[in-house]
2 protein chains.
Amino acid sequence: MSVKINPIVAALPDTVPFVAPEEVERARGTAFQARLGANEGNFGAAPAAVEAMARAAQDDVWKYCDPTAFHLREALAEPLGIPLDALVCGPGIDGLLGLIVRIFSEPGDRIVSSLGAYPTFNYHVHAYGRQLVTVPYRTYHEDLEALAAKASDVGASMIYVSNPDNPMGTWWDGDAIAAFVEAVDPNILIILDEAYGETAPAGTLPPIDLDRRNLIRLRTFSKAYGLAGLRVGYAFGAPALIGLFNRVRDHFGVNIMAQVAARAALSSSDWLAQTVQQIADGREAIAAIAQSNGLEPIASATNFVTIDCGGDKGHAERLVAGLAERQIFVRKPMAPGLDHCIRVSVGRPEEIDLLAAQLPHLL
Amino acid sequence: MSVKINPIVAALPDTVPFVAPEEVERARGTAFQARLGANEGNFGAAPAAVEAMARAAQDDVWKYCDPTAFHLREALAEPLGIPLDALVCGPGIDGLLGLIVRIFSEPGDRIVSSLGAYPTFNYHVHAYGRQLVTVPYRTYHEDLEALAAKASDVGASMIYVSNPDNPMGTWWDGDAIAAFVEAVDPNILIILDEAYGETAPAGTLPPIDLDRRNLIRLRTFSKAYGLAGLRVGYAFGAPALIGLFNRVRDHFGVNIMAQVAARAALSSSDWLAQTVQQIADGREAIAAIAQSNGLEPIASATNFVTIDCGGDKGHAERLVAGLAERQIFVRKPMAPGLDHCIRVSVGRPEEIDLLAAQLPHLL
């Protein structure tokens, strides 16, 4: 005698998408000195956002947040030149990805992603009882043609693509993405994750086309904006797609701190430009450290640099473990073809200096 | 030609559980002077929580939050005398309710609640394609015997009960709840929502029994603790049940502000005691206003007072609308048998004074 467990959930393994650095720190009994593993915004949040949070903590936090995130959506939609009903906010891209899987597919459906792409997307695919179908990377880039072809071949309900890409940092220009969108069967939903859009070269993000009825684009305040801890991202696309989120989403899911801080961050354009420059400088510094150690940095449009370490998977794993022993937190790609690399997030200069000082001891 | 929409979602109406006061204010073009409609913590958050948030905004908000909410769970589990794996944090009770429906039932399942109980629970039941089966209130209380019997009769997978109750404010003592738990078929999951537990008389919350394999209890920081805007609640029960949340939940879903503020609030026991007293005083003040206007307050163990207005549904609706025109936000129960009542949350003294001044003009 026991309660019912949904059979999809009963069949799932006890895994999590990521082990957090805090958990590693607790297990090791010592704190990391350089936090370079989660592609966060190590330069912190915009001062205006910090002020807005402190004010809201004092005055507003006792109120339920606006379930429509009206003012934030207005501030986001206006510069994008899209109507309010083409944009929905959610608790980070992670939360939005779960909703997309739930809304736009059924148990047993096939869903296509690159082999080694975002683990949290895969987690949601499995957690909703869908089948993940993967396509290998090609020279460290997502293989757009192969993704489109595979999705048609297997009758997939959706394709996940991130541009710029995580975990490799590579990117396609907007024309290539637009051509991919054009090539995909219009019955197949394209999820275009642009979490790293702010740090990419001009021309990386394709023009917005709300008439495209099979495309949802995702952005976040967790990366360049330095607000990962607040959980705020947004999705935009044809209103007929976006409206469906309101039928199932947790309406109070974007908390009040997230709403006020994201609005303040959006109005901090000078701060953003300066931060994006710091991130670009950090990428160069990490690439130089890799090269001076005989490793090969992969060109990146993100807030991290993935480094081809030249050996095998075991070599890269030993580097990650060795850096952890030296109080430096980094992660690495996990899939065959990518797993000889390590991934180093842009940190503050003192964090990158620590990497420069310690890496030679491991090689 | 168009993308697949999950048939459960395609069949849903475009409704939301609540229209927010902010939306009413935007539509009316004027702000409420008394916010007495959402059972919030109008006295604000504990000073230690406000300080913790300001500090985290400056120092930590750029980091992803701890996906295990380790320190918060530790601070919660210890005084409850339960192990860490018996407790999971989530983005408010709302978020946890969605997960419970998802994990412990299947499409088409019957789920039992009281007619007129928490709309957001009903929203999740429908949004996951389950069937809601309702049992009427009896003299403004949830009818525990009838709920247990109905659940067995219809072969329900779960029963939702809130104690103290929303929207009526009534409660059963812990012995009655324990007898109800004992009476329910052990194959049927009991969701016991204790959102208003902190404001209830001693003895309202039954003893904890983790051997009970069909009971999940829910609590929140949104009410007495004054942190509704942050979205933080928790569920506890047998580890075999609680562990399943980790297979499907959004692991970073409890944001960093929520985690630090909730911990600070937990350590503010003097502040909590004082706030609970202010809430009790506010209940008395609202009850006195009702009585002096010839209306009948219903005894409440929560941070609101539901008032039997003596007329019909239309009368109560006119009162809610009339108060809104006088810048006072209140809500009302919606179901037959309850819908002649209005529900007034405890606010700050100046908000309650405004109610006292304006209500007589409407009667």
# chains A, B, ... in the order shown; residues from 1 in each chain; ligands from 1
>>> residues_around(residues="A:Ile286", least_positions_apart="3", cutoff="12 Å", atoms="only C-alpha atoms", output="JSON, numbers by chain")
{"A": [36, 279, 280, 281, 282, 283, 289, 290, 291, 292, 293, 295, 296, 297, 298, 299, 300, 303, 304, 305, 306, 307, 342, 343, 344, 345, 346, 347, 348, 349, 351, 352, 353, 354, 355, 356, 357, 359]}
>>> residues_around(residues="stretch 87-102 of chain A", least_positions_apart="6", cutoff="6 Å", atoms="only C-alpha atoms", output="list of chain:residue names")
A:His124, A:Arg231, A:Val232, A:Gly233, A:Tyr234, A:Ala235, A:Phe236, A:Gly253, A:Val254
>>> write_last_selection(atoms="all heavy atoms", output="PDB file, in the first residue's frame")
ATOM      1  N   HIS A 124      15.199  18.426 -18.173  1.00  0.00           N
ATOM      2  CA  HIS A 124      13.759  18.638 -18.336  1.00  0.00           C
ATOM      3  C   HIS A 124      13.162  17.664 -19.358  1.00  0.00           C
ATOM      4  O   HIS A 124      12.046  17.175 -19.180  1.00  0.00           O
ATOM      5  CB  HIS A 124      13.473  20.072 -18.766  1.00  0.00           C
ATOM      6  CG  HIS A 124      13.674  21.097 -17.685  1.00  0.00           C
ATOM      7  ND1 HIS A 124      13.087  20.996 -16.448  1.00  0.00           N
ATOM      8  CD2 HIS A 124      14.396  22.244 -17.657  1.00  0.00           C
ATOM      9  CE1 HIS A 124      13.438  22.048 -15.709  1.00  0.00           C
ATOM     10  NE2 HIS A 124      14.234  22.810 -16.417  1.00  0.00           N
ATOM     11  N   ARG A 231      17.266  34.517 -10.528  1.00  0.00           N
ATOM     12  CA  ARG A 231      16.412  33.700 -11.402  1.00  0.00           C
ATOM     13  C   ARG A 231      15.451  34.566 -12.204  1.00  0.00           C
ATOM     14  O   ARG A 231      14.265  34.680 -11.875  1.00  0.00           O
ATOM     15  CB  ARG A 231      15.617  32.644 -10.601  1.00  0.00           C
ATOM     16  CG  ARG A 231      16.375  31.900  -9.529  1.00  0.00           C
ATOM     17  CD  ARG A 231      17.697  31.350  -9.986  1.00  0.00           C
ATOM     18  NE  ARG A 231      17.553  30.433 -11.106  1.00  0.00           N
ATOM     19  CZ  ARG A 231      18.278  30.515 -12.233  1.00  0.00           C
ATOM     20  NH1 ARG A 231      19.199  31.453 -12.400  1.00  0.00           N
ATOM     21  NH2 ARG A 231      18.088  29.670 -13.197  1.00  0.00           N
ATOM     22  N   VAL A 232      15.982  35.166 -13.256  1.00  0.00           N
ATOM     23  CA  VAL A 232      15.080  35.899 -14.148  1.00  0.00           C
ATOM     24  C   VAL A 232      15.588  35.802 -15.582  1.00  0.00           C
ATOM     25  O   VAL A 232      16.725  36.130 -15.891  1.00  0.00           O
ATOM     26  CB  VAL A 232      14.863  37.360 -13.680  1.00  0.00           C
ATOM     27  CG1 VAL A 232      16.173  38.080 -13.458  1.00  0.00           C
ATOM     28  CG2 VAL A 232      13.992  38.143 -14.634  1.00  0.00           C
ATOM     29  N   GLY A 233      14.716  35.278 -16.413  1.00  0.00           N
ATOM     30  CA  GLY A 233      14.975  35.176 -17.836  1.00  0.00           C
ATOM     31  C   GLY A 233      13.694  35.507 -18.580  1.00  0.00           C
ATOM     32  O   GLY A 233      12.663  35.776 -17.966  1.00  0.00           O
ATOM     33  N   TYR A 234      13.776  35.530 -19.917  1.00  0.00           N
ATOM     34  CA  TYR A 234      12.563  35.805 -20.674  1.00  0.00           C
ATOM     35  C   TYR A 234      12.581  35.057 -21.991  1.00  0.00           C
ATOM     36  O   TYR A 234      13.638  34.680 -22.496  1.00  0.00           O
ATOM     37  CB  TYR A 234      12.340  37.307 -20.877  1.00  0.00           C
ATOM     38  CG  TYR A 234      13.488  38.097 -21.484  1.00  0.00           C
ATOM     39  CD1 TYR A 234      13.443  38.508 -22.813  1.00  0.00           C
ATOM     40  CD2 TYR A 234      14.606  38.443 -20.726  1.00  0.00           C
ATOM     41  CE1 TYR A 234      14.483  39.251 -23.367  1.00  0.00           C
ATOM     42  CE2 TYR A 234      15.646  39.170 -21.276  1.00  0.00           C
ATOM     43  CZ  TYR A 234      15.583  39.573 -22.596  1.00  0.00           C
ATOM     44  OH  TYR A 234      16.611  40.298 -23.140  1.00  0.00           O
ATOM     45  N   ALA A 235      11.379  34.827 -22.496  1.00  0.00           N
ATOM     46  CA  ALA A 235      11.181  34.157 -23.783  1.00  0.00           C
ATOM     47  C   ALA A 235      10.390  35.101 -24.666  1.00  0.00           C
ATOM     48  O   ALA A 235       9.492  35.792 -24.190  1.00  0.00           O
ATOM     49  CB  ALA A 235      10.408  32.858 -23.582  1.00  0.00           C
ATOM     50  N   PHE A 236      10.738  35.141 -25.942  1.00  0.00           N
ATOM     51  CA  PHE A 236       9.898  35.916 -26.854  1.00  0.00           C
ATOM     52  C   PHE A 236       9.734  35.187 -28.174  1.00  0.00           C
ATOM     53  O   PHE A 236      10.559  34.367 -28.569  1.00  0.00           O
ATOM     54  CB  PHE A 236      10.399  37.357 -27.024  1.00  0.00           C
ATOM     55  CG  PHE A 236      11.782  37.515 -27.596  1.00  0.00           C
ATOM     56  CD1 PHE A 236      11.958  37.746 -28.960  1.00  0.00           C
ATOM     57  CD2 PHE A 236      12.903  37.459 -26.782  1.00  0.00           C
ATOM     58  CE1 PHE A 236      13.233  37.912 -29.497  1.00  0.00           C
ATOM     59  CE2 PHE A 236      14.177  37.611 -27.310  1.00  0.00           C
ATOM     60  CZ  PHE A 236      14.349  37.839 -28.668  1.00  0.00           C
ATOM     61  N   GLY A 253       5.988  33.291 -10.148  1.00  0.00           N
ATOM     62  CA  GLY A 253       7.307  32.660 -10.172  1.00  0.00           C
ATOM     63  C   GLY A 253       8.489  33.580 -10.380  1.00  0.00           C
ATOM     64  O   GLY A 253       9.616  33.182 -10.128  1.00  0.00           O
ATOM     65  N   VAL A 254       8.273  34.793 -10.880  1.00  0.00           N
ATOM     66  CA  VAL A 254       9.392  35.736 -11.032  1.00  0.00           C
ATOM     67  C   VAL A 254       9.338  36.687  -9.849  1.00  0.00           C
ATOM     68  O   VAL A 254       8.489  37.578  -9.784  1.00  0.00           O
ATOM     69  CB  VAL A 254       9.321  36.504 -12.364  1.00  0.00           C
ATOM     70  CG1 VAL A 254      10.525  37.419 -12.512  1.00  0.00           C
ATOM     71  CG2 VAL A 254       9.241  35.529 -13.536  1.00  0.00           C
TER      72      VAL A 254
END
>>> closest_residue(among="A:Tyr128, A:Tyr123, A:Trp171, A:Tyr64", to="chain B", atoms="only C-alpha atoms")
A:Tyr64
>>> select_by_dssp(residues="stretch 13-96 of chain A", states="strand (DSSP E)", output="JSON, numbers by chain")
{"A": [34, 35, 87, 88, 89, 90]}
>>> residues_around(residues="stretch 202-212 of chain A", least_positions_apart="4", cutoff="8 Å", atoms="only C-alpha atoms", output="ChimeraX atom specification")
/A:80,86,163-164,171-175,177-178,194,197,237-239
>>> interface_residues(of="chain B", to="chain A", cutoff="6 Å", atoms="only C-alpha atoms", output="tab-separated table (two decimals) with N, CA and C atoms, in the first residue's frame")
chain	number	residue	atom	x	y	z
B	1	MET	N	-0.01	23.78	-41.02
B	1	MET	CA	1.32	23.45	-40.50
B	1	MET	C	1.61	24.30	-39.27
B	2	SER	N	1.81	23.65	-38.15
B	2	SER	CA	2.19	24.40	-36.96
B	2	SER	C	2.80	23.44	-35.96
B	3	VAL	N	3.45	23.99	-34.95
B	3	VAL	CA	4.15	23.15	-33.98
B	3	VAL	C	3.15	22.41	-33.10
B	4	LYS	N	3.63	21.33	-32.51
B	4	LYS	CA	2.77	20.57	-31.61
B	4	LYS	C	2.51	21.35	-30.33
B	5	ILE	N	1.27	21.31	-29.88
B	5	ILE	CA	0.94	21.81	-28.55
B	5	ILE	C	0.42	20.61	-27.76
B	6	ASN	N	0.97	20.42	-26.58
B	6	ASN	CA	0.51	19.33	-25.74
B	6	ASN	C	-1.01	19.42	-25.60
B	14	ASP	N	-7.80	30.31	-21.08
B	14	ASP	CA	-6.86	31.39	-20.75
B	14	ASP	C	-7.29	32.05	-19.45
B	41	GLY	N	2.13	40.00	4.41
B	41	GLY	CA	2.67	40.42	5.69
B	41	GLY	C	2.89	41.92	5.68
B	44	GLY	N	5.80	44.08	6.96
B	44	GLY	CA	7.14	44.02	6.37
B	44	GLY	C	7.93	42.84	6.90
B	50	VAL	N	15.90	42.03	6.12
B	50	VAL	CA	16.16	43.18	5.24
B	50	VAL	C	17.66	43.40	5.09
B	54	ALA	N	20.04	43.15	1.67
B	54	ALA	CA	20.88	44.26	1.18
B	54	ALA	C	22.32	43.79	1.01
B	57	ALA	N	22.56	41.52	-2.01
B	57	ALA	CA	22.46	42.29	-3.26
B	57	ALA	C	23.83	42.82	-3.65
B	58	GLN	N	24.57	43.25	-2.65
B	58	GLN	CA	25.91	43.80	-2.89
B	58	GLN	C	26.91	42.70	-3.22
B	61	VAL	N	24.62	38.29	-5.23
B	61	VAL	CA	23.51	38.05	-6.14
B	61	VAL	C	23.97	37.58	-7.51
B	62	TRP	N	25.22	37.78	-7.84
B	62	TRP	CA	25.75	37.35	-9.14
B	62	TRP	C	25.98	35.84	-9.18
B	63	LYS	N	25.99	35.19	-8.03
B	63	LYS	CA	26.22	33.75	-7.99
B	63	LYS	C	24.91	32.99	-8.17
B	64	TYR	N	24.97	31.86	-8.83
B	64	TYR	CA	23.83	30.96	-8.77
B	64	TYR	C	23.61	30.58	-7.31
B	65	CYS	N	22.34	30.47	-6.95
B	65	CYS	CA	22.03	30.09	-5.59
B	65	CYS	C	22.36	28.61	-5.37
B	103	ILE	N	4.15	15.03	-9.63
B	103	ILE	CA	4.86	13.83	-9.18
B	103	ILE	C	3.91	12.72	-8.75
B	104	PHE	N	2.83	13.07	-8.09
B	104	PHE	CA	2.02	12.06	-7.41
B	104	PHE	C	0.67	11.78	-8.07
B	105	SER	N	0.53	12.13	-9.33
B	105	SER	CA	-0.70	11.76	-10.04
B	105	SER	C	-0.42	11.69	-11.53
B	106	GLU	N	-1.41	11.25	-12.28
B	106	GLU	CA	-1.30	11.13	-13.73
B	106	GLU	C	-2.46	11.87	-14.39
B	127	ALA	N	-4.09	22.31	-14.98
B	127	ALA	CA	-2.97	22.53	-15.93
B	127	ALA	C	-2.21	21.23	-16.20
B	187	ASN	N	-3.40	4.82	0.56
B	187	ASN	CA	-2.99	4.97	-0.84
B	187	ASN	C	-3.21	6.37	-1.38
B	188	ILE	N	-3.88	7.19	-0.61
B	188	ILE	CA	-4.22	8.54	-1.07
B	188	ILE	C	-3.30	9.54	-0.38
B	189	LEU	N	-2.62	10.34	-1.20
B	189	LEU	CA	-1.71	11.34	-0.65
B	189	LEU	C	-2.50	12.50	-0.05
B	226	GLY	N	6.37	37.73	6.24
B	226	GLY	CA	6.40	38.95	5.42
B	226	GLY	C	7.35	38.90	4.24
B	227	LEU	N	7.49	37.73	3.61
B	227	LEU	CA	8.42	37.61	2.48
B	227	LEU	C	7.74	37.06	1.22
B	228	ALA	N	6.48	37.44	1.01
B	228	ALA	CA	5.72	36.88	-0.12
B	228	ALA	C	6.40	37.14	-1.46
B	229	GLY	N	7.03	38.31	-1.59
B	229	GLY	CA	7.63	38.67	-2.87
B	229	GLY	C	8.83	37.83	-3.25
B	230	LEU	N	9.38	37.09	-2.28
B	230	LEU	CA	10.61	36.33	-2.56
B	230	LEU	C	10.35	34.92	-3.07
B	247	ARG	N	13.97	14.84	-8.45
B	247	ARG	CA	14.05	14.28	-9.80
B	247	ARG	C	13.48	15.21	-10.87
B	248	VAL	N	12.64	16.14	-10.46
B	248	VAL	CA	11.95	16.95	-11.48
B	248	VAL	C	11.99	18.46	-11.20
B	255	ASN	N	15.56	31.28	-5.13
B	255	ASN	CA	16.59	32.28	-5.41
B	255	ASN	C	17.41	32.65	-4.18
B	256	ILE	N	18.52	33.29	-4.41
B	256	ILE	CA	19.49	33.55	-3.34
B	256	ILE	C	18.92	34.51	-2.30
>>> residues_around(residues="B:Val184", least_positions_apart="5", cutoff="8 Å", atoms="only C-alpha atoms", output="JSON, numbers by chain")
{"B": [148, 149, 152]}
>>> select_by_dssp(residues="stretch 122-229 of chain A", states="alpha helix (DSSP H)", output="PyMOL selection string")
chain A and resi 122-127+144-154+174-183
>>> residues_around(residues="B:Tyr160", least_positions_apart="2", cutoff="7 Å", atoms="only C-alpha atoms", output="list of chain:residue names")
B:Val112, B:Ser113, B:Met158, B:Ser162, B:Ile190, B:Ile191, B:Leu192
>>> atom_distance(atom1="atom CA of A:Leu218", atom2="atom CA of A:Glu78")
16.3 Å
>>> closest_residue(among="B:Met168, B:Ala273, B:Ile82, B:Val161", to="B:Arg331", atoms="only C-alpha atoms")
B:Met168
>>> atom_distance(atom1="atom CA of B:Leu132", atom2="atom CA of B:Ala195")
21.3 Å
>>> residues_around(residues="B:Pro167", least_positions_apart="5", cutoff="8 Å", atoms="only C-alpha atoms", output="list in words")
Gly116, Ala117, Tyr118, Thr306, Lys332, Pro333 and Arg343 of chain B
>>> write_last_selection(atoms="N, CA and C atoms", output="PDB file, in the first residue's frame")
ATOM      1  N   GLY B 116     -14.228  25.865  -3.304  1.00  0.00           N
ATOM      2  CA  GLY B 116     -13.922  27.239  -2.919  1.00  0.00           C
ATOM      3  C   GLY B 116     -12.583  27.373  -2.231  1.00  0.00           C
ATOM      4  N   ALA B 117     -11.814  26.278  -2.144  1.00  0.00           N
ATOM      5  CA  ALA B 117     -10.484  26.335  -1.523  1.00  0.00           C
ATOM      6  C   ALA B 117      -9.481  26.964  -2.493  1.00  0.00           C
ATOM      7  N   TYR B 118      -8.204  26.780  -2.246  1.00  0.00           N
ATOM      8  CA  TYR B 118      -7.146  27.576  -2.883  1.00  0.00           C
ATOM      9  C   TYR B 118      -7.155  27.485  -4.422  1.00  0.00           C
ATOM     10  N   THR B 306     -12.453  36.637   7.471  1.00  0.00           N
ATOM     11  CA  THR B 306     -13.523  36.543   6.488  1.00  0.00           C
ATOM     12  C   THR B 306     -14.819  36.942   7.183  1.00  0.00           C
ATOM     13  N   LYS B 332     -12.705  38.185  -2.062  1.00  0.00           N
ATOM     14  CA  LYS B 332     -13.835  37.461  -1.477  1.00  0.00           C
ATOM     15  C   LYS B 332     -13.814  36.004  -1.923  1.00  0.00           C
ATOM     16  N   PRO B 333     -14.366  35.107  -1.108  1.00  0.00           N
ATOM     17  CA  PRO B 333     -14.545  33.721  -1.552  1.00  0.00           C
ATOM     18  C   PRO B 333     -15.466  33.690  -2.773  1.00  0.00           C
ATOM     19  N   ARG B 343     -13.306  38.917   2.346  1.00  0.00           N
ATOM     20  CA  ARG B 343     -12.127  38.498   3.108  1.00  0.00           C
ATOM     21  C   ARG B 343     -11.181  39.687   3.242  1.00  0.00           C
TER      22      ARG B 343
END
>>> closest_residue(among="B:Val330, B:Ala75, B:Ala335, B:Ala324", to="B:Leu115", atoms="only C-alpha atoms")
B:Ala335
>>> residues_around(residues="B:Arg326", least_positions_apart="4", cutoff="10 Å", atoms="only C-alpha atoms", output="number ranges by chain")
B: 32-34, 320-322, 354-355, 358-359, 361-362
>>> write_last_selection(atoms="N, CA, C and O atoms", output="JSON list (two decimals), in the first residue's frame")
[["chain", "number", "residue", "atom", "x", "y", "z"],
["B", 32, "PHE", "N", -4.05, 51.63, -4.74],
["B", 32, "PHE", "CA", -4.77, 51.33, -3.50],
["B", 32, "PHE", "C", -4.07, 52.00, -2.32],
["B", 32, "PHE", "O", -2.84, 52.03, -2.24],
["B", 33, "GLN", "N", -4.86, 52.49, -1.37],
["B", 33, "GLN", "CA", -4.32, 53.07, -0.13],
["B", 33, "GLN", "C", -4.23, 52.01, 0.97],
["B", 33, "GLN", "O", -3.46, 52.17, 1.91],
["B", 34, "ALA", "N", -5.04, 50.97, 0.84],
["B", 34, "ALA", "CA", -5.01, 49.87, 1.82],
["B", 34, "ALA", "C", -4.97, 48.57, 1.04],
["B", 34, "ALA", "O", -5.85, 48.30, 0.22],
["B", 320, "VAL", "N", -16.98, 44.58, -2.32],
["B", 320, "VAL", "CA", -15.58, 44.52, -2.81],
["B", 320, "VAL", "C", -15.33, 45.64, -3.82],
["B", 320, "VAL", "O", -14.32, 46.35, -3.75],
["B", 321, "ALA", "N", -16.28, 45.83, -4.73],
["B", 321, "ALA", "CA", -16.11, 46.88, -5.76],
["B", 321, "ALA", "C", -16.15, 48.26, -5.13],
["B", 321, "ALA", "O", -15.38, 49.15, -5.51],
["B", 322, "GLY", "N", -17.05, 48.44, -4.16],
["B", 322, "GLY", "CA", -17.16, 49.74, -3.50],
["B", 322, "GLY", "C", -15.91, 50.07, -2.71],
["B", 322, "GLY", "O", -15.43, 51.22, -2.71],
["B", 354, "LEU", "N", -8.59, 53.03, 7.56],
["B", 354, "LEU", "CA", -9.25, 53.44, 6.32],
["B", 354, "LEU", "C", -10.49, 52.58, 6.06],
["B", 354, "LEU", "O", -11.55, 53.09, 5.65],
["B", 355, "LEU", "N", -10.34, 51.28, 6.33],
["B", 355, "LEU", "CA", -11.50, 50.38, 6.20],
["B", 355, "LEU", "C", -12.62, 50.83, 7.14],
["B", 355, "LEU", "O", -13.78, 50.91, 6.74],
["B", 358, "GLN", "N", -14.37, 53.87, 5.76],
["B", 358, "GLN", "CA", -15.07, 53.78, 4.48],
["B", 358, "GLN", "C", -16.21, 52.77, 4.45],
["B", 358, "GLN", "O", -17.19, 52.95, 3.72],
["B", 359, "LEU", "N", -16.09, 51.69, 5.23],
["B", 359, "LEU", "CA", -17.08, 50.62, 5.13],
["B", 359, "LEU", "C", -18.51, 51.11, 5.41],
["B", 359, "LEU", "O", -19.44, 50.72, 4.68],
["B", 361, "HIS", "N", -20.00, 53.71, 4.63],
["B", 361, "HIS", "CA", -20.60, 54.40, 3.48],
["B", 361, "HIS", "C", -21.20, 53.42, 2.47],
["B", 361, "HIS", "O", -21.96, 53.83, 1.58],
["B", 362, "LEU", "N", -20.81, 52.14, 2.59],
["B", 362, "LEU", "CA", -21.25, 51.16, 1.59],
["B", 362, "LEU", "C", -22.43, 50.34, 2.07],
["B", 362, "LEU", "O", -22.94, 49.50, 1.33]]
>>> atom_distance(atom1="atom CA of B:Met334", atom2="atom CA of B:Arg217")
25.2 Å
>>> closest_residue(among="A:Ala146, A:Ile111, A:Ala200, A:Leu72", to="A:Gln277", atoms="only C-alpha atoms")
A:Ala200
